[in-house]
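**Q** Have a look at this one.
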Amino acid sequence: MDEKHIIHRVEFTPEMKKTHTILVPDMLPVHFKFLCKIFGQAGYKLEHLTNSGRAVVDAGLKYVHNDTCYPALLVIGQFINALDSGKYDLNKVAVLITQTGGGCRASNYLNLMRKAFIKAGYGHIPIISLNVAGLEKNSGFKLTLDMIPKALGAVSYGDLLMLLDEQVRTYEINKGDSRALLDKWVNELCDDFEKNRSLTNGAMKKKMKEIVLSFANIPIKRFDAVKVGVVGEIFVKYSPLANNDLEEFLVSQGCEVMVPGLMGFLLYCIEDTRQDYKLYGGSYIELKAYDLVKSYIKTIEKILIEAVEQNSDFTAPMYHDDVRDLCEPVIGFGCKMGEGWFLTAEMLELAHHGYENIICTQPFGCLPNHISGKGMVRKVKEAAPNANIVSIDYDPGATKVNQENRIKLMLAVARENQN
């Protein structure tokens with residue numbers, strides 16, 4: 001290959017650990033606050049980005065082809081917009097993205113990002129991939145064994161706080177109570193993680209009970225709110241930057257929102273390794289290692305669900321194995337690109353819990369999501385006849401007004417069905 005077409009990789013070295021600030025994109029606001037704290041305790045300086053708006057999209061469009069994956073465009077745009085701001089020493093900064101190593105365009109983000117950084121004049125800045133698929137390694141950035149329980153703790157507590165906040169915020173009498181309580185728990189849990197507390201099974205049971213009871217004590221006034229579930233491509237589903245503050249919009253329309261947590265997605269990824277082994281073979285030792293991790297996550301899942309069910313009237317998540325069984329007659333488990341069969345399963349789970357009005361958020365042109373999301377609507381409605389599903393495309397050319405108008409039409413149908 002011609003020298004000018006080779007994209008050189010800049011490694012994050014051990015020396016950089018002491019000097020560099022590592023920027024993290026905005027996907028899961030609550031979970032990523034925990035993530036930054038966990039890596040901070042290991043000696044890294046992580047900063048969770050919150051810059052948003054049209055400037056981020058325009059920065060992405062300037063350096064990434066507009067036909068590429070919308071989440072990639074946004075992540076790259078957010079990084080470049082932050083680097084352009086003048087806030088950071090460009091010789092002492094790096095960026096980090098999380099990756100699953102799945103078989104969609106997301107696995108090509110690294111080279112796509114490096115190409116964009118070179119165009120923008122930031123080719124010297126290290127790009128770190130946080131993954132367990134062996135996509136890339138950096139000598140100065142490592143996920144150590146003692147960080148794994150904290151990371152899984154961050155996922156479980158993040159899921160719990162997100163779940164409770166969503167079920168309280170629409171009904172709270174004093175607006176802001178739920179979000180203030182969420183922030184209070186995030187700060188307390190970050191302190192606990194620093195002291196290695198609230199991470200054992202017994203400690204998690206106690207802490208999660210306290211958290212559930214605190215949200216149950218927020219003064220609320222219930223009314224016949226439309227219950228709306230949100231599914232879709234993982235970045236667009238969770239990131240306010242990507243979905244134009246979808247959750248805030250739904251709350252403003254008097255809806256109770258449920259966005260399934262991250263723990264189910266992790267179990268889905270582990271489940272896929274079993275399918276790969278079954279279909280293609282592979283390392284039996286690696287398979288057993290994944291089984292051990294799955295068993296540990298399922299233990300935490302049980303603690304979370306029991307904390308909600310035993311201490312409140314809040315709707316708890318469904319056990320992952322039950323979600324899997326729910327969708328088995330509808331879609332094959334070999335459909336595993338992107339969110340794969342799990343996207344269909346989440347729609348069925350939401351309908352089962354009474355969140356029959358479902359928004360499927362998908363980046364325009366995201367083939368896996370168009371197949372297992374929009375393409376499965378008819379099958380989902382056969383299994384859940386009352387499901388009211390709308391697919392919303394998110395891309396640089398889609399206007400917030402058009403997206404919200406389509407959602408309002410769905411809500412009008414939902415209210416008509418209620419009456």
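In the structure tokens, the first chain shown is A, the next is B, and so on; residue numbers restart at 1 for each chain, and ligands run from 1 in the order shown.
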Fewer than 6 positions away in the same chain doesn't count, so skip those; otherwise give me all residues within 10 Å of Met162 in chain A, counting only C-alpha atoms, as a PyMOL selection string.
**A** chain A and resi 28-31+156+179+182+258-261
**Q** Print the selection's residues with C-alpha atoms to a file, as a PDB file, in the first residue's frame.
**A**
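out_2.pdb was written with the following content:
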```
ATOM      1  CA  LEU A  28     -24.484   6.563  29.410  1.00  0.00           C
ATOM      2  CA  PRO A  29     -24.260   9.665  31.635  1.00  0.00           C
ATOM      3  CA  VAL A  30     -24.707   7.825  34.962  1.00  0.00           C
ATOM      4  CA  HIS A  31     -22.656   4.734  34.145  1.00  0.00           C
ATOM      5  CA  SER A 156     -25.625  -2.628  38.146  1.00  0.00           C
ATOM      6  CA  ARG A 179     -32.595  13.745  39.653  1.00  0.00           C
ATOM      7  CA  LEU A 182     -29.773  10.226  41.673  1.00  0.00           C
ATOM      8  CA  MET A 258     -38.460   2.840  30.522  1.00  0.00           C
ATOM      9  CA  VAL A 259     -35.070   2.373  28.864  1.00  0.00           C
ATOM     10  CA  PRO A 260     -33.739  -1.164  29.499  1.00  0.00           C
ATOM     11  CA  GLY A 261     -30.417  -1.217  31.361  1.00  0.00           C
TER      12      GLY A 261
END
```
**Q** Give me the residues within 12 Å of Thr399 in chain A as an MDAnalysis selection string, counting only C-alpha atoms and dropping any in the same chain fewer than 6 places off.
**A** chainID A and resid 54 243:244 392:393 405:406
**Q** May I have the residues from that selection written out with N, CA and C atoms, as a PDB file, in the first residue's frame?
**A**
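Done, and the output landed in result19.pdb:
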```pdb
ATOM      1  N   ARG A  54     -25.438  21.351  17.523  1.00  0.00           N
ATOM      2  CA  ARG A  54     -25.164  21.232  16.095  1.00  0.00           C
ATOM      3  C   ARG A  54     -23.673  21.293  15.789  1.00  0.00           C
ATOM      4  N   ASN A 243     -29.901  10.941  20.565  1.00  0.00           N
ATOM      5  CA  ASN A 243     -31.356  10.847  20.386  1.00  0.00           C
ATOM      6  C   ASN A 243     -32.094  12.152  20.660  1.00  0.00           C
ATOM      7  N   ASN A 244     -31.334  13.267  20.632  1.00  0.00           N
ATOM      8  CA  ASN A 244     -31.943  14.597  20.814  1.00  0.00           C
ATOM      9  C   ASN A 244     -32.749  14.686  22.109  1.00  0.00           C
ATOM     10  N   ILE A 392     -37.797   5.372  14.656  1.00  0.00           N
ATOM     11  CA  ILE A 392     -37.334   6.736  14.389  1.00  0.00           C
ATOM     12  C   ILE A 392     -35.886   6.688  13.919  1.00  0.00           C
ATOM     13  N   ASP A 393     -35.636   7.246  12.738  1.00  0.00           N
ATOM     14  CA  ASP A 393     -34.269   7.316  12.213  1.00  0.00           C
ATOM     15  C   ASP A 393     -33.549   8.532  12.777  1.00  0.00           C
ATOM     16  N   ASN A 405     -42.503  15.053  15.973  1.00  0.00           N
ATOM     17  CA  ASN A 405     -43.853  14.974  15.403  1.00  0.00           C
ATOM     18  C   ASN A 405     -44.280  13.521  15.197  1.00  0.00           C
ATOM     19  N   ARG A 406     -43.362  12.685  14.734  1.00  0.00           N
ATOM     20  CA  ARG A 406     -43.685  11.264  14.552  1.00  0.00           C
ATOM     21  C   ARG A 406     -43.965  10.611  15.903  1.00  0.00           C
TER      22      ARG A 406
END
```
**Q** Within range 81-238 of chain A, find each residue whose DSSP state, derived from the backbone, is strand (DSSP E or B), and express the selection as a ChimeraX atom specification.
**A** /A:93-98,127-130,138,141,172,220,226-232
**Q** Keeping only C-alpha atoms, take the residues you just selected and write them out as a PDB file, in the first residue's frame.
**A**
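As written to disk, result.pdb reads:
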```pdb
ATOM      1  CA  VAL A  93      -4.662  14.443  25.852  1.00  0.00           C
ATOM      2  CA  ALA A  94      -6.002  11.092  24.587  1.00  0.00           C
ATOM      3  CA  VAL A  95      -9.469   9.769  23.736  1.00  0.00           C
ATOM      4  CA  LEU A  96     -11.225   6.530  24.671  1.00  0.00           C
ATOM      5  CA  ILE A  97     -14.085   4.571  23.116  1.00  0.00           C
ATOM      6  CA  THR A  98     -15.774   1.366  24.294  1.00  0.00           C
ATOM      7  CA  ILE A 127      -6.972   6.694  20.556  1.00  0.00           C
ATOM      8  CA  ILE A 128      -7.730   3.978  23.128  1.00  0.00           C
ATOM      9  CA  SER A 129     -10.196   1.141  22.646  1.00  0.00           C
ATOM     10  CA  LEU A 130     -11.707  -0.287  25.845  1.00  0.00           C
ATOM     11  CA  ASN A 138      -2.077  -0.221  24.776  1.00  0.00           C
ATOM     12  CA  PHE A 141      -3.879   1.439  29.522  1.00  0.00           C
ATOM     13  CA  GLU A 172     -42.756  13.742  41.376  1.00  0.00           C
ATOM     14  CA  ILE A 220     -45.365  11.685  43.937  1.00  0.00           C
ATOM     15  CA  VAL A 226     -48.650   6.886  28.793  1.00  0.00           C
ATOM     16  CA  LYS A 227     -45.947   4.279  29.365  1.00  0.00           C
ATOM     17  CA  VAL A 228     -43.242   4.402  26.697  1.00  0.00           C
ATOM     18  CA  GLY A 229     -40.299   2.038  26.226  1.00  0.00           C
ATOM     19  CA  VAL A 230     -37.165   2.915  24.280  1.00  0.00           C
ATOM     20  CA  VAL A 231     -35.021   0.395  22.418  1.00  0.00           C
ATOM     21  CA  GLY A 232     -32.557   0.542  19.530  1.00  0.00           C
TER      22      GLY A 232
END
```
**Q** Taking only C-alpha atoms into account, which of A:Asn217, A:Ile234, A:Thr361, A:Lys33 comes nearest Asp313 in chain A?
**A**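 Closest residue, counting only C-alpha atoms: A:Asn217.
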